[in-house]
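**Q** Take a look at this one; I'll ask things after.
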Amino acid sequence: MEPGNLTEVSEFLLLGFSEGPELQPLIFGFFLSMYLITVFGNLLLILAVSSDSHLHTPMYFFLANLSFVDICFTSTTIPKMLMNIQTERKVITYADCITQMYFFLLFAGLDNYILTVMAYDRFLAICHPLHYTVIMNPQILVLRLSFCTEVEIPHFFCEIKQLVQLACSDTFLNDMVMYFGAGLLGGGPLAGILYSYSKIISSIFGISSAQGKYKAFSTCASHLSVVSLFYCTSLGVYLSSAAPQTSHLSATASVMYTVVTPMLNPFIYSLRNKGIKRALKRFFGKQSIKGPFFLGHWFFFPY
């Protein structure tokens, strides 16, 4: 970059998924539907856990916190994108971009650690059931970058990797911090999850009956499916090439861990969970719950 191209950037352009105006209503309706399902589904889960004293246990405490973080996580990106489509404006100010990026990283990190603690909770419940109640008790609880005239972000929110790539100043330190942070926030929890499940699998193989093995594994299957979806897509985005042709693919993959995973959590953690179903029945004052919230028997419980 020539020094003459340096300028003080006050805003960026979020390009989103498509330039075609005919696709904007479809994209708006699609993401609005997923956002509403995410918010109301997770709120329903929080209300179910908080309203039933039988669910005031570490397992459901983590589940309620995961639902809350997922609402916040999704709310850092989707409302802004919907507003951009509705107003036909793609501009986001520099201050808003930094703010969005801060809260996105904050809630992504919280999501990471809650998933890790949930894996540890299952590890204790299956591998050390006699110590579970003792251990899991309620007491345990870019600004330096310079930007040039290029202000188009090929994404639907201020994603840190894309923003660093736009900088025309030296990004070596930022890259090192970003990869270190990804290793710390992603690699550390992932290592904890893998360790927990290695011990769980070892314990399951030690169970003599097939029914016992199935019952033990079924308590982890839902959590394992969420972990796989979250980590495979997020790691794919951050470990992918920085080439421009991968930007659209990166934005599409980001939808999986920023929108789809939080949207699926209420379904995954409640479809076969008798405790959640019972709490929801009490909450609504009905003998049975009918509707789209319980769609079948696709997932196992509790997580």
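Residues are named by chain letter and number: chains run A, B, ... in the order of the structure tokens, numbers start at 1 in each chain, and ligands are numbered from 1 in the order shown.
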If we count only C-alpha atoms and set the cut-off at 6 Å, which residues sit around stretch 88-94 of chain A, ignoring sequence neighbours fewer than 6 positions away in its own chain? Please answer as a list in words.
**A**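 Final neighbour list, sorted by chain and number: Ser10, Glu11, Phe12, Leu13 and Leu14 of chain A.
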**Q** Could you save the residues just selected, with N, CA and C atoms, as a compact mmCIF listing (two decimals), in the first residue's frame?
**A**
```txt
# COMPACT_ATOMS: atom_id res chain seq x y z
N SER A 10 -14.11 5.68 8.87
CA SER A 10 -15.18 5.90 9.83
C SER A 10 -16.30 4.88 9.69
N GLU A 11 -16.30 4.12 8.60
CA GLU A 11 -17.37 3.13 8.40
C GLU A 11 -16.91 2.05 7.43
N PHE A 12 -17.63 0.91 7.48
CA PHE A 12 -17.39 -0.21 6.57
C PHE A 12 -18.70 -0.57 5.88
N LEU A 13 -18.58 -1.42 4.85
CA LEU A 13 -19.76 -1.91 4.14
C LEU A 13 -19.86 -3.41 4.34
N LEU A 14 -20.98 -3.87 4.89
CA LEU A 14 -21.23 -5.30 5.06
C LEU A 14 -21.94 -5.81 3.81
```
**Q** Do you know which residues are at most 9 Å from A:Pro154 counting only C-alpha atoms, after dropping those on the same chain fewer than 3 positions away, and could you put them as a PDB file with all heavy atoms, in the first residue's frame?
**A**
```pdb
ATOM      1  N   LEU A  13     -18.583  -1.420   4.855  1.00  0.00           N
ATOM      2  CA  LEU A  13     -19.760  -1.908   4.144  1.00  0.00           C
ATOM      3  C   LEU A  13     -19.861  -3.409   4.337  1.00  0.00           C
ATOM      4  O   LEU A  13     -18.929  -4.153   3.999  1.00  0.00           O
ATOM      5  CB  LEU A  13     -19.674  -1.580   2.646  1.00  0.00           C
ATOM      6  CG  LEU A  13     -19.640  -0.110   2.263  1.00  0.00           C
ATOM      7  CD1 LEU A  13     -19.498   0.037   0.752  1.00  0.00           C
ATOM      8  CD2 LEU A  13     -20.889   0.615   2.740  1.00  0.00           C
ATOM      9  N   LEU A  14     -20.977  -3.872   4.888  1.00  0.00           N
ATOM     10  CA  LEU A  14     -21.227  -5.302   5.060  1.00  0.00           C
ATOM     11  C   LEU A  14     -21.939  -5.806   3.805  1.00  0.00           C
ATOM     12  O   LEU A  14     -23.107  -5.490   3.574  1.00  0.00           O
ATOM     13  CB  LEU A  14     -22.073  -5.555   6.305  1.00  0.00           C
ATOM     14  CG  LEU A  14     -21.410  -5.250   7.647  1.00  0.00           C
ATOM     15  CD1 LEU A  14     -22.429  -5.344   8.782  1.00  0.00           C
ATOM     16  CD2 LEU A  14     -20.252  -6.200   7.909  1.00  0.00           C
ATOM     17  N   LEU A  15     -21.246  -6.601   2.990  1.00  0.00           N
ATOM     18  CA  LEU A  15     -21.794  -7.022   1.701  1.00  0.00           C
ATOM     19  C   LEU A  15     -22.886  -8.071   1.832  1.00  0.00           C
ATOM     20  O   LEU A  15     -23.715  -8.223   0.940  1.00  0.00           O
ATOM     21  CB  LEU A  15     -20.664  -7.557   0.807  1.00  0.00           C
ATOM     22  CG  LEU A  15     -19.552  -6.553   0.480  1.00  0.00           C
ATOM     23  CD1 LEU A  15     -18.543  -7.189  -0.476  1.00  0.00           C
ATOM     24  CD2 LEU A  15     -20.116  -5.268  -0.103  1.00  0.00           C
ATOM     25  N   GLY A  16     -22.892  -8.829   2.926  1.00  0.00           N
ATOM     26  CA  GLY A  16     -23.924  -9.838   3.117  1.00  0.00           C
ATOM     27  C   GLY A  16     -23.747 -11.027   2.195  1.00  0.00           C
ATOM     28  O   GLY A  16     -22.632 -11.383   1.815  1.00  0.00           O
ATOM     29  N   PHE A  17     -24.871 -11.634   1.769  1.00  0.00           N
ATOM     30  CA  PHE A  17     -24.813 -12.863   0.990  1.00  0.00           C
ATOM     31  C   PHE A  17     -25.083 -12.666  -0.488  1.00  0.00           C
ATOM     32  O   PHE A  17     -24.646 -13.458  -1.305  1.00  0.00           O
ATOM     33  CB  PHE A  17     -25.828 -13.887   1.538  1.00  0.00           C
ATOM     34  CG  PHE A  17     -25.465 -14.410   2.885  1.00  0.00           C
ATOM     35  CD1 PHE A  17     -26.083 -13.928   4.024  1.00  0.00           C
ATOM     36  CD2 PHE A  17     -24.499 -15.387   3.023  1.00  0.00           C
ATOM     37  CE1 PHE A  17     -25.734 -14.405   5.275  1.00  0.00           C
ATOM     38  CE2 PHE A  17     -24.147 -15.880   4.273  1.00  0.00           C
ATOM     39  CZ  PHE A  17     -24.765 -15.386   5.395  1.00  0.00           C
ATOM     40  N   PHE A 157     -21.396  -9.754   9.113  1.00  0.00           N
ATOM     41  CA  PHE A 157     -21.128  -9.070  10.375  1.00  0.00           C
ATOM     42  C   PHE A 157     -19.629  -8.801  10.455  1.00  0.00           C
ATOM     43  O   PHE A 157     -18.854  -9.259   9.621  1.00  0.00           O
ATOM     44  CB  PHE A 157     -21.616  -9.893  11.592  1.00  0.00           C
ATOM     45  CG  PHE A 157     -20.827 -11.149  11.853  1.00  0.00           C
ATOM     46  CD1 PHE A 157     -19.792 -11.167  12.770  1.00  0.00           C
ATOM     47  CD2 PHE A 157     -21.138 -12.328  11.195  1.00  0.00           C
ATOM     48  CE1 PHE A 157     -19.077 -12.321  13.032  1.00  0.00           C
ATOM     49  CE2 PHE A 157     -20.431 -13.497  11.436  1.00  0.00           C
ATOM     50  CZ  PHE A 157     -19.399 -13.492  12.357  1.00  0.00           C
ATOM     51  N   GLN A 162     -11.892 -11.204   8.834  1.00  0.00           N
ATOM     52  CA  GLN A 162     -12.125 -10.377   7.658  1.00  0.00           C
ATOM     53  C   GLN A 162     -11.668  -8.943   7.890  1.00  0.00           C
ATOM     54  O   GLN A 162     -11.122  -8.290   6.992  1.00  0.00           O
ATOM     55  CB  GLN A 162     -13.613 -10.400   7.292  1.00  0.00           C
ATOM     56  CG  GLN A 162     -14.161 -11.762   6.933  1.00  0.00           C
ATOM     57  CD  GLN A 162     -13.613 -12.279   5.617  1.00  0.00           C
ATOM     58  OE1 GLN A 162     -13.144 -11.507   4.792  1.00  0.00           O
ATOM     59  NE2 GLN A 162     -13.666 -13.582   5.421  1.00  0.00           N
ATOM     60  N   PRO A 244      -9.334 -14.299  -1.449  1.00  0.00           N
ATOM     61  CA  PRO A 244     -10.621 -13.627  -1.610  1.00  0.00           C
ATOM     62  C   PRO A 244     -11.737 -14.552  -2.055  1.00  0.00           C
ATOM     63  O   PRO A 244     -12.881 -14.368  -1.691  1.00  0.00           O
ATOM     64  CB  PRO A 244     -10.326 -12.560  -2.679  1.00  0.00           C
ATOM     65  CG  PRO A 244      -8.850 -12.343  -2.614  1.00  0.00           C
ATOM     66  CD  PRO A 244      -8.267 -13.657  -2.233  1.00  0.00           C
ATOM     67  N   SER A 247     -14.069 -15.997   0.607  1.00  0.00           N
ATOM     68  CA  SER A 247     -14.798 -15.108   1.510  1.00  0.00           C
ATOM     69  C   SER A 247     -16.275 -15.465   1.581  1.00  0.00           C
ATOM     70  O   SER A 247     -16.864 -15.507   2.655  1.00  0.00           O
ATOM     71  CB  SER A 247     -14.625 -13.647   1.064  1.00  0.00           C
ATOM     72  OG  SER A 247     -13.273 -13.261   1.143  1.00  0.00           O
ATOM     73  N   HIS A 248     -16.887 -15.722   0.411  1.00  0.00           N
ATOM     74  CA  HIS A 248     -18.313 -16.061   0.403  1.00  0.00           C
ATOM     75  C   HIS A 248     -18.554 -17.392   1.097  1.00  0.00           C
ATOM     76  O   HIS A 248     -19.521 -17.551   1.849  1.00  0.00           O
ATOM     77  CB  HIS A 248     -18.826 -16.111  -1.032  1.00  0.00           C
ATOM     78  CG  HIS A 248     -20.298 -16.357  -1.134  1.00  0.00           C
ATOM     79  ND1 HIS A 248     -21.240 -15.397  -0.823  1.00  0.00           N
ATOM     80  CD2 HIS A 248     -20.999 -17.473  -1.476  1.00  0.00           C
ATOM     81  CE1 HIS A 248     -22.448 -15.908  -0.996  1.00  0.00           C
ATOM     82  NE2 HIS A 248     -22.326 -17.162  -1.387  1.00  0.00           N
ATOM     83  N   ALA A 251     -18.353 -16.831   4.805  1.00  0.00           N
ATOM     84  CA  ALA A 251     -19.577 -16.212   5.339  1.00  0.00           C
ATOM     85  C   ALA A 251     -20.692 -17.232   5.473  1.00  0.00           C
ATOM     86  O   ALA A 251     -21.439 -17.245   6.459  1.00  0.00           O
ATOM     87  CB  ALA A 251     -20.007 -15.055   4.430  1.00  0.00           C
TER      88      ALA A 251
END
```
**Q** Please give the complete set of residues from stretch 1-97 of chain A that DSSP, run on the backbone, assigns to strand (DSSP E), formatted as a list in words.
**A**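 Put together, the selection reads Glu11, Phe12, Leu13, Leu14, Val91, Ile92 and Thr93 of chain A.
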**Q** Contacts of stretch 175-188 of chain A at 9 Å or less, counting only C-alpha atoms, minus same-chain residues fewer than 5 places along, as a ChimeraX atom specification?
**A** /A:108-109,112-113,160-161,164,193,231,235,238
**Q** Please provide the set of residues having any atom within 12 Å of A:Ile201, restricted to only C-alpha atoms, with same-chain residues fewer than 4 positions apart removed, written as a list of chain:residue names.
**A** A:Arg122, A:Phe123, A:Ile126, A:Cys127, A:Leu194, A:Tyr195, A:Ser196, A:Tyr197, A:Phe205, A:Gly206, A:Ile207, A:Lys213, A:Tyr214, A:Ala216, A:Phe217, A:Ser218, A:Cys220, A:Ala221
**Q** So that I have them on file, write out the residues from the current selection with N, CA, C and O atoms, as a PDB file, in the first residue's frame.
**A**
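Output (again38.pdb):
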```pdb
ATOM      1  N   ARG A 122     -20.939 -34.275  32.251  1.00  0.00           N
ATOM      2  CA  ARG A 122     -21.285 -35.641  31.824  1.00  0.00           C
ATOM      3  C   ARG A 122     -20.187 -36.629  32.196  1.00  0.00           C
ATOM      4  O   ARG A 122     -20.460 -37.778  32.546  1.00  0.00           O
ATOM      5  N   PHE A 123     -18.932 -36.175  32.087  1.00  0.00           N
ATOM      6  CA  PHE A 123     -17.790 -37.019  32.463  1.00  0.00           C
ATOM      7  C   PHE A 123     -17.884 -37.436  33.930  1.00  0.00           C
ATOM      8  O   PHE A 123     -17.702 -38.610  34.282  1.00  0.00           O
ATOM      9  N   ILE A 126     -20.950 -39.885  34.578  1.00  0.00           N
ATOM     10  CA  ILE A 126     -20.811 -41.248  34.054  1.00  0.00           C
ATOM     11  C   ILE A 126     -19.601 -41.969  34.638  1.00  0.00           C
ATOM     12  O   ILE A 126     -19.678 -43.142  35.018  1.00  0.00           O
ATOM     13  N   CYS A 127     -18.475 -41.258  34.724  1.00  0.00           N
ATOM     14  CA  CYS A 127     -17.231 -41.896  35.152  1.00  0.00           C
ATOM     15  C   CYS A 127     -17.029 -41.874  36.669  1.00  0.00           C
ATOM     16  O   CYS A 127     -16.370 -42.756  37.214  1.00  0.00           O
ATOM     17  N   LEU A 194     -12.609 -33.340  24.201  1.00  0.00           N
ATOM     18  CA  LEU A 194     -12.090 -34.613  23.689  1.00  0.00           C
ATOM     19  C   LEU A 194     -11.623 -35.515  24.823  1.00  0.00           C
ATOM     20  O   LEU A 194     -11.834 -36.741  24.781  1.00  0.00           O
ATOM     21  N   TYR A 195     -10.993 -34.930  25.848  1.00  0.00           N
ATOM     22  CA  TYR A 195     -10.531 -35.733  26.989  1.00  0.00           C
ATOM     23  C   TYR A 195     -11.726 -36.330  27.728  1.00  0.00           C
ATOM     24  O   TYR A 195     -11.721 -37.518  28.085  1.00  0.00           O
ATOM     25  N   SER A 196     -12.747 -35.500  27.957  1.00  0.00           N
ATOM     26  CA  SER A 196     -13.944 -35.982  28.657  1.00  0.00           C
ATOM     27  C   SER A 196     -14.588 -37.132  27.911  1.00  0.00           C
ATOM     28  O   SER A 196     -14.959 -38.155  28.495  1.00  0.00           O
ATOM     29  N   TYR A 197     -14.704 -36.991  26.593  1.00  0.00           N
ATOM     30  CA  TYR A 197     -15.359 -38.036  25.815  1.00  0.00           C
ATOM     31  C   TYR A 197     -14.479 -39.275  25.650  1.00  0.00           C
ATOM     32  O   TYR A 197     -15.009 -40.386  25.497  1.00  0.00           O
ATOM     33  N   PHE A 205     -17.396 -48.644  27.269  1.00  0.00           N
ATOM     34  CA  PHE A 205     -16.932 -49.961  26.843  1.00  0.00           C
ATOM     35  C   PHE A 205     -16.814 -50.934  28.017  1.00  0.00           C
ATOM     36  O   PHE A 205     -16.859 -52.145  27.837  1.00  0.00           O
ATOM     37  N   GLY A 206     -16.678 -50.357  29.219  1.00  0.00           N
ATOM     38  CA  GLY A 206     -16.580 -51.202  30.398  1.00  0.00           C
ATOM     39  C   GLY A 206     -17.921 -51.689  30.917  1.00  0.00           C
ATOM     40  O   GLY A 206     -17.987 -52.534  31.807  1.00  0.00           O
ATOM     41  N   ILE A 207     -19.012 -51.146  30.364  1.00  0.00           N
ATOM     42  CA  ILE A 207     -20.356 -51.569  30.767  1.00  0.00           C
ATOM     43  C   ILE A 207     -20.687 -52.882  30.061  1.00  0.00           C
ATOM     44  O   ILE A 207     -20.527 -52.999  28.837  1.00  0.00           O
ATOM     45  N   LYS A 213     -24.926 -49.594  27.840  1.00  0.00           N
ATOM     46  CA  LYS A 213     -24.079 -48.801  26.955  1.00  0.00           C
ATOM     47  C   LYS A 213     -24.903 -47.775  26.195  1.00  0.00           C
ATOM     48  O   LYS A 213     -24.501 -46.610  26.056  1.00  0.00           O
ATOM     49  N   TYR A 214     -26.054 -48.198  25.689  1.00  0.00           N
ATOM     50  CA  TYR A 214     -26.916 -47.285  24.931  1.00  0.00           C
ATOM     51  C   TYR A 214     -27.415 -46.144  25.808  1.00  0.00           C
ATOM     52  O   TYR A 214     -27.418 -44.971  25.393  1.00  0.00           O
ATOM     53  N   ALA A 216     -26.028 -44.906  28.534  1.00  0.00           N
ATOM     54  CA  ALA A 216     -24.929 -44.006  28.872  1.00  0.00           C
ATOM     55  C   ALA A 216     -24.582 -43.106  27.683  1.00  0.00           C
ATOM     56  O   ALA A 216     -24.364 -41.907  27.830  1.00  0.00           O
ATOM     57  N   PHE A 217     -24.523 -43.704  26.486  1.00  0.00           N
ATOM     58  CA  PHE A 217     -24.180 -42.914  25.307  1.00  0.00           C
ATOM     59  C   PHE A 217     -25.270 -41.921  24.946  1.00  0.00           C
ATOM     60  O   PHE A 217     -24.989 -40.810  24.484  1.00  0.00           O
ATOM     61  N   SER A 218     -26.538 -42.301  25.167  1.00  0.00           N
ATOM     62  CA  SER A 218     -27.648 -41.428  24.782  1.00  0.00           C
ATOM     63  C   SER A 218     -27.662 -40.129  25.575  1.00  0.00           C
ATOM     64  O   SER A 218     -28.184 -39.120  25.108  1.00  0.00           O
ATOM     65  N   CYS A 220     -25.173 -38.334  26.106  1.00  0.00           N
ATOM     66  CA  CYS A 220     -24.144 -37.444  25.544  1.00  0.00           C
ATOM     67  C   CYS A 220     -24.356 -37.138  24.069  1.00  0.00           C
ATOM     68  O   CYS A 220     -23.691 -36.240  23.530  1.00  0.00           O
ATOM     69  N   ALA A 221     -25.223 -37.873  23.400  1.00  0.00           N
ATOM     70  CA  ALA A 221     -25.322 -37.781  21.942  1.00  0.00           C
ATOM     71  C   ALA A 221     -25.713 -36.382  21.474  1.00  0.00           C
ATOM     72  O   ALA A 221     -25.163 -35.863  20.501  1.00  0.00           O
TER      73      ALA A 221
END
```
**Q** Mind listing the helix (DSSP H, G or I) residues of stretch 99-206 of chain A, per DSSP on the backbone, as a VMD selection string?
**A** chain A and resid 99 to 127 129 to 135 160 to 166 172 to 205
**Q** Restricting the calculation to only C-alpha atoms, which member of A:Leu224, A:Ala48, A:Leu32, A:Val9 is positioned closest to A:Thr116?
**A**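 Selected residue with least distance to A:Thr116: A:Leu224.
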**Q** Which is closer to A:Leu280 than all the others in A:Ile135, A:Ala119, A:Ala125, A:Leu44, using only C-alpha atoms?
**A** A:Leu44
**Q** Need the shell around stretch 49-65 of chain A: protein/DNA/RNA residues with any atom at most 7 Å away, counting only C-alpha atoms. Skip same-chain ones fewer than 2 positions apart. Format as a ChimeraX atom specification?
**A** /A:45-47,67-69,114,118,121,136-138,279,283
**Q** Just give me the gap between atom CA of A:Tyr257 and atom CA of A:Asp96 in Å, one decimal is fine.
**A**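 Atom CA of A:Asp96 lies 21.7 Å from atom CA of A:Tyr257.
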**Q** Can you list, as a list in words, every protein, DNA or RNA residue that comes within 7 Å of A:Phe107 when you count only C-alpha atoms, leaving out same-chain residues fewer than 3 positions away?
**A** Val69, Cys72, Phe73, Phe103, Phe104, Leu110 and Asp111 of chain A
**Q** Save out the residues we just selected, C-alpha atoms, as a PDB file, in the first residue's frame.
**A**
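Result went into part-v3.pdb, see below:
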```pdb
ATOM      1  CA  VAL A  69     -25.552 -17.075  25.799  1.00  0.00           C
ATOM      2  CA  CYS A  72     -26.917 -13.031  23.060  1.00  0.00           C
ATOM      3  CA  PHE A  73     -24.532 -14.678  20.588  1.00  0.00           C
ATOM      4  CA  PHE A 103     -19.520  -8.895  21.886  1.00  0.00           C
ATOM      5  CA  PHE A 104     -19.349 -11.590  19.192  1.00  0.00           C
ATOM      6  CA  LEU A 110     -18.677 -18.121  26.701  1.00  0.00           C
ATOM      7  CA  ASP A 111     -20.358 -20.650  24.397  1.00  0.00           C
TER       8      ASP A 111
END
```
**Q** Give me the residues near A:Gln24 as a ChimeraX atom specification, where near means some atom within 10 Å (using only C-alpha atoms) and where sequence neighbours in that chain fewer than 4 positions away do not count.
**A** /A:16-20,28-30,82,85-86,88
**Q** Could you write out that same residue set with N, CA and C atoms as a PDB file, in the first residue's frame?
**A**
```
ATOM      1  N   GLY A  16     -22.892  -8.829   2.926  1.00  0.00           N
ATOM      2  CA  GLY A  16     -23.924  -9.838   3.117  1.00  0.00           C
ATOM      3  C   GLY A  16     -23.747 -11.027   2.195  1.00  0.00           C
ATOM      4  N   PHE A  17     -24.871 -11.634   1.769  1.00  0.00           N
ATOM      5  CA  PHE A  17     -24.813 -12.863   0.990  1.00  0.00           C
ATOM      6  C   PHE A  17     -25.083 -12.666  -0.488  1.00  0.00           C
ATOM      7  N   SER A  18     -25.835 -11.645  -0.851  1.00  0.00           N
ATOM      8  CA  SER A  18     -26.200 -11.491  -2.256  1.00  0.00           C
ATOM      9  C   SER A  18     -26.413 -10.026  -2.582  1.00  0.00           C
ATOM     10  N   GLU A  19     -26.006  -9.658  -3.796  1.00  0.00           N
ATOM     11  CA  GLU A  19     -26.233  -8.302  -4.279  1.00  0.00           C
ATOM     12  C   GLU A  19     -27.581  -8.186  -4.974  1.00  0.00           C
ATOM     13  N   GLY A  20     -28.171  -9.323  -5.343  1.00  0.00           N
ATOM     14  CA  GLY A  20     -29.424  -9.312  -6.091  1.00  0.00           C
ATOM     15  C   GLY A  20     -30.590  -8.829  -5.250  1.00  0.00           C
ATOM     16  N   PHE A  28     -34.140 -12.106   4.015  1.00  0.00           N
ATOM     17  CA  PHE A  28     -34.684 -11.457   5.213  1.00  0.00           C
ATOM     18  C   PHE A  28     -35.636 -12.393   5.956  1.00  0.00           C
ATOM     19  N   GLY A  29     -36.569 -12.995   5.221  1.00  0.00           N
ATOM     20  CA  GLY A  29     -37.533 -13.894   5.855  1.00  0.00           C
ATOM     21  C   GLY A  29     -36.878 -15.126   6.437  1.00  0.00           C
ATOM     22  N   PHE A  30     -35.880 -15.657   5.742  1.00  0.00           N
ATOM     23  CA  PHE A  30     -35.177 -16.856   6.201  1.00  0.00           C
ATOM     24  C   PHE A  30     -34.447 -16.600   7.510  1.00  0.00           C
ATOM     25  N   LEU A  82     -30.494  -7.885   9.479  1.00  0.00           N
ATOM     26  CA  LEU A  82     -31.896  -7.686   9.102  1.00  0.00           C
ATOM     27  C   LEU A  82     -32.201  -6.208   8.881  1.00  0.00           C
ATOM     28  N   ILE A  85     -30.824  -5.136   5.508  1.00  0.00           N
ATOM     29  CA  ILE A  85     -31.671  -5.569   4.389  1.00  0.00           C
ATOM     30  C   ILE A  85     -32.930  -4.722   4.310  1.00  0.00           C
ATOM     31  N   GLN A  86     -33.534  -4.449   5.475  1.00  0.00           N
ATOM     32  CA  GLN A  86     -34.788  -3.695   5.508  1.00  0.00           C
ATOM     33  C   GLN A  86     -34.591  -2.252   5.049  1.00  0.00           C
ATOM     34  N   GLU A  88     -32.015  -1.235   3.257  1.00  0.00           N
ATOM     35  CA  GLU A  88     -31.208  -1.228   2.036  1.00  0.00           C
ATOM     36  C   GLU A  88     -29.926  -0.428   2.210  1.00  0.00           C
TER      37      GLU A  88
END
```
**Q** Atom CA of A:Thr258 and atom CA of A:Phe230 are how many Å apart?
**A**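 Interatomic distance, atom CA of A:Thr258 to atom CA of A:Phe230: 8.5 Å.
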